[in-house]
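What follows is the content of start_23.pdb (PDB, C-alpha atoms).
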```pdb
ATOM      1  CA  VAL A 988      -6.725  -5.779   5.057  1.00  0.00           C
ATOM      2  CA  PHE A 989      -6.530  -6.996   8.653  1.00  0.00           C
ATOM      3  CA  GLN A 990      -5.451  -4.793  11.549  1.00  0.00           C
ATOM      4  CA  ASP A 991      -4.897  -5.775  15.178  1.00  0.00           C
ATOM      5  CA  ASP A 992      -6.037  -3.112  17.674  1.00  0.00           C
ATOM      6  CA  GLY A 993      -5.610  -5.114  20.887  1.00  0.00           C
ATOM      7  CA  ASP A 994      -8.788  -7.123  21.471  1.00  0.00           C
ATOM      8  CA  ASP A 995     -10.570  -5.902  18.332  1.00  0.00           C
ATOM      9  CA  LYS A 996      -9.730  -7.252  14.891  1.00  0.00           C
ATOM     10  CA  ALA A 997     -10.350  -4.784  12.094  1.00  0.00           C
ATOM     11  CA  LYS A 998     -11.088  -6.094   8.611  1.00  0.00           C
ATOM     12  CA  GLY A 999     -12.037  -4.682   5.267  1.00  0.00           C
ATOM     13  CA  TYR A1000     -11.034  -4.477   1.644  1.00  0.00           C
ATOM     14  CA  GLU A1001      -8.747  -2.484  -0.595  1.00  0.00           C
ATOM     15  CA  ILE A1002      -8.890  -2.028  -4.353  1.00  0.00           C
ATOM     16  CA  ALA A1003      -5.670  -0.760  -5.921  1.00  0.00           C
ATOM     17  CA  GLY A1004      -4.197  -0.178  -9.348  1.00  0.00           C
ATOM     18  CA  ILE A1005      -0.740   0.636 -10.644  1.00  0.00           C
ATOM     19  CA  LEU A1006       0.183   1.921 -14.083  1.00  0.00           C
ATOM     20  CA  ALA A1007       3.851   1.715 -15.103  1.00  0.00           C
ATOM     21  CA  PHE A1008       5.132   3.701 -18.070  1.00  0.00           C
ATOM     22  CA  GLY A1009       8.396   4.591 -19.723  1.00  0.00           C
ATOM     23  CA  GLY A1010      10.084   1.551 -18.188  1.00  0.00           C
ATOM     24  CA  LEU A1011      11.005   3.610 -15.124  1.00  0.00           C
ATOM     25  CA  PHE A1012       7.960   5.447 -13.740  1.00  0.00           C
ATOM     26  CA  HIS A1013       4.618   4.508 -12.191  1.00  0.00           C
ATOM     27  CA  VAL A1014       1.453   5.990 -10.714  1.00  0.00           C
ATOM     28  CA  ASN A1015      -0.913   4.183  -8.388  1.00  0.00           C
ATOM     29  CA  ALA A1016      -4.201   4.666  -6.614  1.00  0.00           C
ATOM     30  CA  ALA A1017      -5.984   2.693  -3.889  1.00  0.00           C
ATOM     31  CA  TYR A1018      -9.310   2.844  -2.069  1.00  0.00           C
ATOM     32  CA  ALA A1019      -9.901   1.031   1.251  1.00  0.00           C
ATOM     33  CA  ASP A1020     -12.930   0.509   3.510  1.00  0.00           C
ATOM     34  CA  ILE A1021     -12.089  -0.849   6.986  1.00  0.00           C
ATOM     35  CA  ASP A1022     -14.474  -1.987   9.764  1.00  0.00           C
ATOM     36  CA  ASP A1023     -12.752  -1.703  13.149  1.00  0.00           C
ATOM     37  CA  GLY A1024     -14.633  -4.703  14.612  1.00  0.00           C
ATOM     38  CA  ALA A1025     -15.694  -2.751  17.718  1.00  0.00           C
ATOM     39  CA  GLY A1026     -18.816  -1.033  16.426  1.00  0.00           C
ATOM     40  CA  ALA A1027     -19.555   1.835  14.091  1.00  0.00           C
ATOM     41  CA  ASP A1028     -17.552   4.588  15.827  1.00  0.00           C
ATOM     42  CA  ASP A1029     -14.121   4.076  14.262  1.00  0.00           C
ATOM     43  CA  ASP A1030     -14.770   2.667  10.801  1.00  0.00           C
ATOM     44  CA  VAL A1031     -12.475   4.177   8.167  1.00  0.00           C
ATOM     45  CA  ASP A1032     -12.555   4.608   4.423  1.00  0.00           C
ATOM     46  CA  GLY A1033     -10.167   6.532   2.243  1.00  0.00           C
ATOM     47  CA  TYR A1034      -7.817   6.663  -0.691  1.00  0.00           C
ATOM     48  CA  ARG A1035      -4.141   7.007  -1.534  1.00  0.00           C
ATOM     49  CA  ILE A1036      -2.596   8.283  -4.763  1.00  0.00           C
ATOM     50  CA  ALA A1037       1.118   8.214  -5.532  1.00  0.00           C
ATOM     51  CA  ALA A1038       3.703   8.638  -8.262  1.00  0.00           C
ATOM     52  CA  GLY A1039       7.111   7.056  -8.280  1.00  0.00           C
ATOM     53  CA  ILE A1040      10.207   5.730  -9.950  1.00  0.00           C
ATOM     54  CA  HIS A1041      11.468   2.127  -9.988  1.00  0.00           C
ATOM     55  CA  PRO A1042      15.010   1.739 -11.384  1.00  0.00           C
ATOM     56  CA  ALA A1043      16.387  -1.759 -11.900  1.00  0.00           C
ATOM     57  CA  VAL A1044      19.445  -2.668  -9.821  1.00  0.00           C
ATOM     58  CA  THR A1045      19.854  -6.115 -11.399  1.00  0.00           C
ATOM     59  CA  ASP A1046      17.806  -8.192 -13.851  1.00  0.00           C
ATOM     60  CA  SER A1047      15.639  -9.392 -10.935  1.00  0.00           C
ATOM     61  CA  THR A1048      15.726  -6.503  -8.404  1.00  0.00           C
ATOM     62  CA  ASP A1049      14.176  -3.024  -8.444  1.00  0.00           C
ATOM     63  CA  LEU A1050      14.499  -0.163  -6.013  1.00  0.00           C
ATOM     64  CA  TYR A1051      11.526   2.177  -5.827  1.00  0.00           C
ATOM     65  CA  ALA A1052      10.567   5.531  -4.379  1.00  0.00           C
ATOM     66  CA  GLU A1053       7.113   7.121  -4.250  1.00  0.00           C
ATOM     67  CA  LEU A1054       5.589  10.422  -3.268  1.00  0.00           C
ATOM     68  CA  GLY A1055       2.011   9.872  -2.104  1.00  0.00           C
ATOM     69  CA  TYR A1056      -1.063  11.523  -0.637  1.00  0.00           C
ATOM     70  CA  THR A1057      -3.563   9.744   1.652  1.00  0.00           C
ATOM     71  CA  SER A1058      -6.973  11.033   2.712  1.00  0.00           C
ATOM     72  CA  LEU A1059      -9.144   9.150   5.214  1.00  0.00           C
ATOM     73  CA  SER A1060     -12.677   9.601   6.487  1.00  0.00           C
ATOM     74  CA  GLU A1061     -13.311   8.216   9.981  1.00  0.00           C
ATOM     75  CA  ASP A1062     -16.714   7.762  11.635  1.00  0.00           C
ATOM     76  CA  ASN A1063     -15.338   9.365  14.823  1.00  0.00           C
ATOM     77  CA  GLY A1064     -15.092  12.748  13.075  1.00  0.00           C
ATOM     78  CA  GLN A1065     -11.342  12.758  12.540  1.00  0.00           C
ATOM     79  CA  ASP A1066     -10.457  12.922   8.857  1.00  0.00           C
ATOM     80  CA  PRO A1067      -6.667  12.634   8.672  1.00  0.00           C
ATOM     81  CA  ASP A1068      -4.686  13.296   5.542  1.00  0.00           C
ATOM     82  CA  ALA A1069      -0.961  12.931   4.942  1.00  0.00           C
ATOM     83  CA  ILE A1070       1.812  13.306   2.424  1.00  0.00           C
ATOM     84  CA  ASP A1071       4.252  10.400   2.451  1.00  0.00           C
ATOM     85  CA  LEU A1072       7.522   9.168   1.005  1.00  0.00           C
ATOM     86  CA  THR A1073       8.003   5.450   0.448  1.00  0.00           C
ATOM     87  CA  PHE A1074      11.331   3.760  -0.253  1.00  0.00           C
ATOM     88  CA  GLY A1075      11.553   0.063  -1.042  1.00  0.00           C
ATOM     89  CA  VAL A1076      13.132  -2.860  -2.799  1.00  0.00           C
ATOM     90  CA  ARG A1077      11.549  -5.851  -4.517  1.00  0.00           C
ATOM     91  CA  SER A1078      13.243  -8.862  -6.017  1.00  0.00           C
ATOM     92  CA  MET A1079      12.252 -11.982  -7.951  1.00  0.00           C
ATOM     93  CA  ILE A1080      14.024 -14.701  -5.964  1.00  0.00           C
ATOM     94  CA  THR A1081      12.698 -17.446  -8.278  1.00  0.00           C
ATOM     95  CA  ASP A1082      10.698 -17.394 -11.518  1.00  0.00           C
ATOM     96  CA  SER A1083       7.479 -17.466  -9.427  1.00  0.00           C
ATOM     97  CA  VAL A1084       8.300 -15.733  -6.111  1.00  0.00           C
ATOM     98  CA  GLU A1085       8.859 -12.026  -5.481  1.00  0.00           C
ATOM     99  CA  LEU A1086       9.821 -10.619  -2.061  1.00  0.00           C
ATOM    100  CA  GLY A1087       9.867  -6.973  -1.026  1.00  0.00           C
ATOM    101  CA  ALA A1088      10.481  -4.570   1.835  1.00  0.00           C
ATOM    102  CA  ALA A1089       9.550  -0.902   2.186  1.00  0.00           C
ATOM    103  CA  MET A1090       9.589   2.025   4.599  1.00  0.00           C
ATOM    104  CA  ARG A1091       6.950   4.759   4.479  1.00  0.00           C
ATOM    105  CA  LEU A1092       7.417   8.115   6.211  1.00  0.00           C
ATOM    106  CA  ALA A1093       4.238  10.214   6.562  1.00  0.00           C
ATOM    107  CA  ASN A1094       3.544  13.765   7.674  1.00  0.00           C
ATOM    108  CA  GLY A1095      -0.088  14.752   8.149  1.00  0.00           C
ATOM    109  CA  SER A1096      -2.887  16.295  10.141  1.00  0.00           C
ATOM    110  CA  THR A1097      -6.190  15.096  11.587  1.00  0.00           C
ATOM    111  CA  ASP A1098      -7.883  18.478  11.080  1.00  0.00           C
ATOM    112  CA  ALA A1099      -7.775  21.417   8.694  1.00  0.00           C
ATOM    113  CA  GLY A1100      -6.383  23.817  11.313  1.00  0.00           C
ATOM    114  CA  GLY A1101      -3.123  21.915  11.805  1.00  0.00           C
ATOM    115  CA  ALA A1102      -3.568  21.563  15.579  1.00  0.00           C
ATOM    116  CA  ASP A1103      -3.289  17.787  15.415  1.00  0.00           C
ATOM    117  CA  ASP A1104      -0.268  17.322  13.158  1.00  0.00           C
ATOM    118  CA  PHE A1105       1.444  13.943  13.195  1.00  0.00           C
ATOM    119  CA  GLN A1106       4.459  12.146  11.801  1.00  0.00           C
ATOM    120  CA  ASP A1107       4.462   8.397  11.329  1.00  0.00           C
ATOM    121  CA  SER A1108       6.667   5.677   9.897  1.00  0.00           C
ATOM    122  CA  GLU A1109       5.859   2.147   8.806  1.00  0.00           C
ATOM    123  CA  ILE A1110       7.930  -0.818   7.677  1.00  0.00           C
ATOM    124  CA  SER A1111       6.311  -3.479   5.525  1.00  0.00           C
ATOM    125  CA  LEU A1112       7.329  -6.851   4.116  1.00  0.00           C
ATOM    126  CA  SER A1113       5.587  -8.408   1.120  1.00  0.00           C
ATOM    127  CA  GLY A1114       5.601 -11.477  -1.050  1.00  0.00           C
ATOM    128  CA  GLN A1115       3.920 -12.558  -4.253  1.00  0.00           C
ATOM    129  CA  TYR A1116       3.540 -15.972  -5.811  1.00  0.00           C
ATOM    130  CA  PHE A1117       2.953 -15.814  -9.569  1.00  0.00           C
ATOM    131  CA  PHE A1118       0.757 -18.596 -10.933  1.00  0.00           C
ATOM    132  CA  THR A1119       1.147 -17.085 -14.418  1.00  0.00           C
ATOM    133  CA  ASP A1120       2.700 -13.869 -15.748  1.00  0.00           C
ATOM    134  CA  ALA A1121      -0.689 -12.193 -15.214  1.00  0.00           C
ATOM    135  CA  LEU A1122      -2.032 -13.805 -11.995  1.00  0.00           C
ATOM    136  CA  ALA A1123      -0.416 -13.744  -8.540  1.00  0.00           C
ATOM    137  CA  PHE A1124      -1.309 -14.232  -4.868  1.00  0.00           C
ATOM    138  CA  ARG A1125      -0.018 -11.392  -2.664  1.00  0.00           C
ATOM    139  CA  ALA A1126       0.607 -11.072   1.088  1.00  0.00           C
ATOM    140  CA  GLU A1127       1.869  -8.015   2.955  1.00  0.00           C
ATOM    141  CA  ALA A1128       2.539  -7.378   6.643  1.00  0.00           C
ATOM    142  CA  SER A1129       3.394  -4.085   8.315  1.00  0.00           C
ATOM    143  CA  ASP A1130       3.776  -2.830  11.875  1.00  0.00           C
ATOM    144  CA  ASN A1131       0.079  -3.307  12.675  1.00  0.00           C
ATOM    145  CA  ALA A1132      -1.712  -4.733   9.634  1.00  0.00           C
ATOM    146  CA  MET A1133      -1.706  -7.682   7.264  1.00  0.00           C
ATOM    147  CA  SER A1134      -3.282  -7.947   3.833  1.00  0.00           C
ATOM    148  CA  LEU A1135      -3.904 -10.866   1.512  1.00  0.00           C
ATOM    149  CA  GLY A1136      -4.985 -10.459  -2.062  1.00  0.00           C
ATOM    150  CA  VAL A1137      -4.886 -11.323  -5.716  1.00  0.00           C
ATOM    151  CA  ARG A1138      -2.966  -9.397  -8.347  1.00  0.00           C
ATOM    152  CA  TRP A1139      -3.958  -9.314 -11.999  1.00  0.00           C
ATOM    153  CA  SER A1140      -1.540  -7.777 -14.512  1.00  0.00           C
ATOM    154  CA  PHE A1141      -2.760  -6.463 -17.848  1.00  0.00           C
ATOM    155  CA  GLY A1142       0.774  -6.475 -19.266  1.00  0.00           C
ATOM    156  CA  ASP A1143       2.510  -3.642 -21.073  1.00  0.00           C
ATOM    157  CA  ILE A1144      -0.108  -1.022 -21.912  1.00  0.00           C
ATOM    158  CA  LEU A1145       2.173   1.992 -22.322  1.00  0.00           C
TER     159      LEU A1145
END
```
Just dump the structure as structure tokens.
Amino acid sequence: VFQDDGDDKAKGYEIAGILAFGGLFHVNAAYADIDDGAGADDDVDGYRIAAGIHPAVTDSTDLYAELGYTSLSEDNGQDPDAIDLTFGVRSMITDSVELGAAMRLANGSTDAGGADDFQDSEISLSGQYFFTDALAFRAEASDNAMSLGVRWSFGDIL
């Protein structure tokens, strides 16, 4: 994960997993640890869990919707958490290339008392290149971050 905060370039890692079941539903979880690049005061780690639905529109295109929860721990003492809704589309444009777009709407707070409530939205674009059915390279860009990674699929488990 790379994030541009003006002069400072944040970097870190994310580990995520998705489990699809019933041909229509999925759950996912992710953990991230980000170094802000400007010292130890604003480093962030946290997790996101979500459940969703992904109906097929055509043989190669899915719509999806997710309800998620994110909890972060920041070195500066703010520990925001949020509930979010994500709506997106993804489509296999060739046998090896998938493209996607999504919008996430979040509502959260930076403290337990609710004095610092916030609402946020984010648009992201993504692409995957599948080397095999199980192995793919993934890139995603949003309003202020970019991530590059590898995807490994274990196939149909459920």
Using all atoms listed in the file, which of the listed residues (A:Ile1005, A:Ala1132, A:Ile1080, A:Leu1086) sits closest to A:Asp1046?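 When distances to A:Asp1046 are compared using all atoms listed in the file, the smallest one comes from A:Ile1080.
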The PyMOL selection byres ((chain A and resi 1076) around 6) on the file shown: which residues, as a ChimeraX atom specification? /A:1049-1050,1075,1077,1087-1088
Need to verify the contact set: stretch 1137-1142 of chain A, 10 Å, only C-alpha atoms, exclusion of same-chain residues closer than 5 positions in sequence. Can you return it as a PyMOL selection string? chain A and resi 1003-1007+1115-1117+1119-1126
Let me know the residues the PyMOL selection byres ((chain A and resi 1019) around 12) catches in the file above, as an mmCIF file with C-alpha atoms, in the coordinates of the input.
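Written output follows (selection_13.cif):
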```cif
data_model
loop_
_atom_site.group_PDB
_atom_site.id
_atom_site.type_symbol
_atom_site.label_atom_id
_atom_site.label_comp_id
_atom_site.auth_asym_id
_atom_site.auth_seq_id
_atom_site.Cartn_x
_atom_site.Cartn_y
_atom_site.Cartn_z
ATOM 1 C CA VAL A 988 -6.725 -5.779 5.057
ATOM 2 C CA PHE A 989 -6.530 -6.996 8.653
ATOM 3 C CA LYS A 998 -11.088 -6.094 8.611
ATOM 4 C CA GLY A 999 -12.037 -4.682 5.267
ATOM 5 C CA TYR A 1000 -11.034 -4.477 1.644
ATOM 6 C CA GLU A 1001 -8.747 -2.484 -0.595
ATOM 7 C CA ILE A 1002 -8.890 -2.028 -4.353
ATOM 8 C CA ALA A 1003 -5.670 -0.760 -5.921
ATOM 9 C CA ALA A 1016 -4.201 4.666 -6.614
ATOM 10 C CA ALA A 1017 -5.984 2.693 -3.889
ATOM 11 C CA TYR A 1018 -9.310 2.844 -2.069
ATOM 12 C CA ASP A 1020 -12.930 0.509 3.510
ATOM 13 C CA ILE A 1021 -12.089 -0.849 6.986
ATOM 14 C CA ASP A 1022 -14.474 -1.987 9.764
ATOM 15 C CA ASP A 1030 -14.770 2.667 10.801
ATOM 16 C CA VAL A 1031 -12.475 4.177 8.167
ATOM 17 C CA ASP A 1032 -12.555 4.608 4.423
ATOM 18 C CA GLY A 1033 -10.167 6.532 2.243
ATOM 19 C CA TYR A 1034 -7.817 6.663 -0.691
ATOM 20 C CA ARG A 1035 -4.141 7.007 -1.534
ATOM 21 C CA ILE A 1036 -2.596 8.283 -4.763
ATOM 22 C CA THR A 1057 -3.563 9.744 1.652
ATOM 23 C CA SER A 1058 -6.973 11.033 2.712
ATOM 24 C CA LEU A 1059 -9.144 9.150 5.214
ATOM 25 C CA SER A 1060 -12.677 9.601 6.487
ATOM 26 C CA GLU A 1061 -13.311 8.216 9.981
ATOM 27 C CA SER A 1134 -3.282 -7.947 3.833
#
```
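The spacing separating atom CA of A:Gly1114 from atom CA of A:Ser1078 amounts to 9.5 Å.
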Just give me the gap between atom CA of A:Asp1062 and atom CA of A:Asp1104 in Å, one decimal is fine. 19.1 Å
Please identify all polymer residues within 8 Å of A:Phe1105, counting all atoms listed in the file, omitting same-chain residues fewer than 2 positions from it, and present them as a PyMOL selection string. chain A and resi 1094-1097+1103+1107
Could you write out that same residue set with C-alpha atoms as a short mmCIF file (atom, residue, chain, number, x, y, z; two decimals), in the frame of the given file?
```
data_model
loop_
_atom_site.label_atom_id
_atom_site.label_comp_id
_atom_site.auth_asym_id
_atom_site.auth_seq_id
_atom_site.Cartn_x
_atom_site.Cartn_y
_atom_site.Cartn_z
CA ASN A 1094 3.54 13.76 7.67
CA GLY A 1095 -0.09 14.75 8.15
CA SER A 1096 -2.89 16.30 10.14
CA THR A 1097 -6.19 15.10 11.59
CA ASP A 1103 -3.29 17.79 15.42
CA ASP A 1107 4.46 8.40 11.33
#
```
If I take atom CA of A:Gly1136 and atom CA of A:Asp1068, how far is one from the other in Å, to one decimal?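 Rounded to one decimal, the two atoms are 24.9 Å apart.
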